[in-house]
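Student: The structure follows.
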Amino acid sequence: MASRQQDQSLTSDILLYGYSIGIFPMADSVTGEIQWYLPKMRAIVPIETFRPPRSLRQLIKKGIFEVRFNTAFREVMQGCAHERGDGLGTWISPEMIEAYTELHDTGYAHSVETFIDGQLVGGLYGVSLGAAFFGESMFYRVSNASKVAFVALIDRLRQRRYDLLDSQFMNENIRRYGAIEIPHQDYLERLQAALKKPATFV
């Protein structure tokens, strides 16, 4: 179980502080109340060892998807916030969209987007601090659109010499992207080392 703490407000400064000490927010799907989480086991994706499946590499080579960075941040968040039809609602509230968009405007939050014929069909977003990237959520409207965005994210993190890609909680979806779990203390050590290393996402 992850420990959590309730908070009534969310700002870009609070977000940055939370990420810097290893916690992250999620909104209650019914009330929208922000809760901060601190998992005992943390999911991360090893940046250097990740390798996409051969079928995905072949798809990317076909050039069906156009990849862009930071051109539709709010729209990506809104896509991620859309209920997935599983009855569980969404943990991305309007308050979170506003706070993360402010973080994007100040250069700390980023989106990777996939387009077909000029239409946004998938993407992901996250937060960058030092050489750490905190992946938040992804969505797709066309099959494989979010996977292509994730590969583009990995390529960008490698190019810019990032050391840590945080995926927060482990689940079957992120496991398919090569995520592993590490103890909280190990995560904090990696986080502090990454925060001390300068890196630029854009």
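The way I read the labels, and the way they are meant: chains A, B, ... in the order of the structure tokens, residue 1 as the first residue of every chain, and ligand 1 as the first ligand shown, with later ones counted on from there.
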Could you pull the residues within 10 Å of region 148-159 of chain A, counting only C-alpha atoms, minus those fewer than 6 positions along the same chain, as a VMD selection string?

Tutor: chain A and resid 45 to 48 50 to 52 56 to 57 59 to 60 65 to 69 111 to 115 122 to 125 131 to 133 135 138 to 140 165 177 199 to 202

Student: To test your reading of the structure, identify every residue in chain A that backbone DSSP assigns to alpha helix (DSSP H), and report it as a PyMOL selection string.

Tutor: chain A and resi 12-20+54-61+73-81+94-105+145-159+172-175+184-195

Student: I'd like to know which of A:Glu75, A:Leu129, A:Gly178, A:Gly107 is closest to Leu191 (chain A), using only C-alpha atoms.

Tutor: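 Among the listed residues, the smallest separation from Leu191 (chain A) belongs to A:Leu129.
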
Student: Could you give me, as an MDAnalysis selection string, the residues within 10 Å of Ala27 (chain A), counting only C-alpha atoms and dropping anything in the same chain fewer than 5 positions from it?

Tutor: chainID A and resid 6:7 32:36 90:96

Student: Quick one: residues within 7 Å of Tyr108 (chain A), only C-alpha atoms, excluding same-chain residues fewer than 2 positions away - as a list in words?

Tutor: Leu103, His104, Thr106, His110, Val127, Ser128 and Leu129 of chain A

Student: Please determine, counting only C-alpha atoms, which residue among A:Gln119, A:Gln185, A:Thr49, A:Asn171 has the shortest atom-to-atom distance to Val142 (chain A).

Tutor: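 For Val142 (chain A), the nearest of the given residues is A:Gln119.
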
Student: Could you give me the residues within chain A that DSSP places in strand (DSSP E or B), as a ChimeraX atom specification?

Tutor: /A:3-7,24-27,34-38,41-44,66-69,109-116,119-129,132-140,164-168,180-183

Student: Could those selected residues go to a file with C-alpha atoms, as a PDB file, in the first residue's frame?

Tutor:
ATOM      1  CA  SER A   3       0.872   6.181   1.991  1.00  0.00           C
ATOM      2  CA  ARG A   4      -1.094   9.254   0.987  1.00  0.00           C
ATOM      3  CA  GLN A   5      -1.820  12.739   2.242  1.00  0.00           C
ATOM      4  CA  GLN A   6      -4.739  14.948   1.381  1.00  0.00           C
ATOM      5  CA  ASP A   7      -4.309  18.495   0.143  1.00  0.00           C
ATOM      6  CA  PHE A  24       2.969  12.695  -6.655  1.00  0.00           C
ATOM      7  CA  PRO A  25      -0.710  13.754  -6.732  1.00  0.00           C
ATOM      8  CA  MET A  26      -3.865  12.055  -7.934  1.00  0.00           C
ATOM      9  CA  ALA A  27      -7.417  13.344  -7.696  1.00  0.00           C
ATOM     10  CA  ILE A  34      -6.122  15.902  -4.404  1.00  0.00           C
ATOM     11  CA  GLN A  35      -4.229  13.159  -2.588  1.00  0.00           C
ATOM     12  CA  TRP A  36      -0.457  12.726  -2.543  1.00  0.00           C
ATOM     13  CA  TYR A  37       1.051   9.260  -2.908  1.00  0.00           C
ATOM     14  CA  LEU A  38       4.286   7.697  -1.723  1.00  0.00           C
ATOM     15  CA  MET A  41       7.610   0.097  -4.280  1.00  0.00           C
ATOM     16  CA  ARG A  42       8.221   2.438  -7.204  1.00  0.00           C
ATOM     17  CA  ALA A  43       7.882   1.607 -10.893  1.00  0.00           C
ATOM     18  CA  ILE A  44      10.594   2.949 -13.189  1.00  0.00           C
ATOM     19  CA  GLU A  66       3.967  12.322 -36.927  1.00  0.00           C
ATOM     20  CA  VAL A  67       5.575  12.927 -33.540  1.00  0.00           C
ATOM     21  CA  ARG A  68       5.629  16.380 -31.989  1.00  0.00           C
ATOM     22  CA  PHE A  69       6.766  17.753 -28.641  1.00  0.00           C
ATOM     23  CA  ALA A 109       5.984  19.797 -17.844  1.00  0.00           C
ATOM     24  CA  HIS A 110       6.124  18.332 -21.345  1.00  0.00           C
ATOM     25  CA  SER A 111       4.031  16.390 -23.785  1.00  0.00           C
ATOM     26  CA  VAL A 112       4.878  13.973 -26.569  1.00  0.00           C
ATOM     27  CA  GLU A 113       2.154  13.879 -29.195  1.00  0.00           C
ATOM     28  CA  THR A 114       1.294  11.682 -32.161  1.00  0.00           C
ATOM     29  CA  PHE A 115      -0.647  13.001 -35.129  1.00  0.00           C
ATOM     30  CA  ILE A 116      -2.144  11.532 -38.277  1.00  0.00           C
ATOM     31  CA  GLN A 119      -5.144  15.290 -36.041  1.00  0.00           C
ATOM     32  CA  LEU A 120      -4.016  14.477 -32.500  1.00  0.00           C
ATOM     33  CA  VAL A 121      -4.458  10.727 -32.029  1.00  0.00           C
ATOM     34  CA  GLY A 122      -2.380   9.985 -28.927  1.00  0.00           C
ATOM     35  CA  GLY A 123       0.306  11.127 -26.584  1.00  0.00           C
ATOM     36  CA  LEU A 124       1.690  11.330 -23.091  1.00  0.00           C
ATOM     37  CA  TYR A 125       2.802  13.961 -20.614  1.00  0.00           C
ATOM     38  CA  GLY A 126       5.093  14.237 -17.634  1.00  0.00           C
ATOM     39  CA  VAL A 127       7.311  16.462 -15.535  1.00  0.00           C
ATOM     40  CA  SER A 128      11.055  17.085 -15.934  1.00  0.00           C
ATOM     41  CA  LEU A 129      13.378  17.992 -13.070  1.00  0.00           C
ATOM     42  CA  ALA A 132      14.583  12.862 -13.986  1.00  0.00           C
ATOM     43  CA  PHE A 133      11.388  12.561 -15.999  1.00  0.00           C
ATOM     44  CA  PHE A 134       8.173  11.714 -14.166  1.00  0.00           C
ATOM     45  CA  GLY A 135       5.790  10.029 -16.588  1.00  0.00           C
ATOM     46  CA  GLU A 136       2.184  10.813 -15.693  1.00  0.00           C
ATOM     47  CA  SER A 137      -0.270   9.381 -18.187  1.00  0.00           C
ATOM     48  CA  MET A 138      -0.840   8.502 -21.837  1.00  0.00           C
ATOM     49  CA  PHE A 139      -3.803   8.077 -24.149  1.00  0.00           C
ATOM     50  CA  TYR A 140      -4.622   6.980 -27.675  1.00  0.00           C
ATOM     51  CA  LEU A 164      15.543   8.337 -14.360  1.00  0.00           C
ATOM     52  CA  LEU A 165      12.133   7.658 -15.884  1.00  0.00           C
ATOM     53  CA  ASP A 166       9.586   7.362 -13.099  1.00  0.00           C
ATOM     54  CA  SER A 167       6.382   5.431 -13.811  1.00  0.00           C
ATOM     55  CA  GLN A 168       4.943   5.641 -10.280  1.00  0.00           C
ATOM     56  CA  ILE A 180      10.516  -2.654 -13.114  1.00  0.00           C
ATOM     57  CA  GLU A 181       9.866  -2.099  -9.406  1.00  0.00           C
ATOM     58  CA  ILE A 182      12.418  -0.840  -6.921  1.00  0.00           C
ATOM     59  CA  PRO A 183      12.118  -0.104  -3.167  1.00  0.00           C
TER      60      PRO A 183
END

Student: Under the rule that only C-alpha atoms are counted, which of A:Glu189, A:Glu102, A:Glu172, A:Asp163 is the nearest residue to Leu16 (chain A)?

Tutor: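 Between A:Glu189, A:Glu102, A:Glu172, A:Asp163, the residue approaching Leu16 (chain A) most closely is A:Glu102.
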
Student: Between A:Asp186, A:Ile23, A:Asp28, A:Lys197, which one has atoms that come closest to Arg160 (chain A), using only C-alpha atoms?

Tutor: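 Result for the nearest residue to Arg160 (chain A): A:Lys197.
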
Student: Between A:Met170, A:Ile64, A:Ala99, A:Ile21, which is the closest to Gln192 (chain A) once you count only C-alpha atoms?

Tutor: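 Of all the options, A:Ile21 lies closest to Gln192 (chain A).
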
Student: Rounded to one decimal in Å, what is the spacing between CA of Gly130 (chain A) and CA of Pro39 (chain A)?

Tutor: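 One can read the CA of Gly130 (chain A) to CA of Pro39 (chain A) distance as 21.4 Å.
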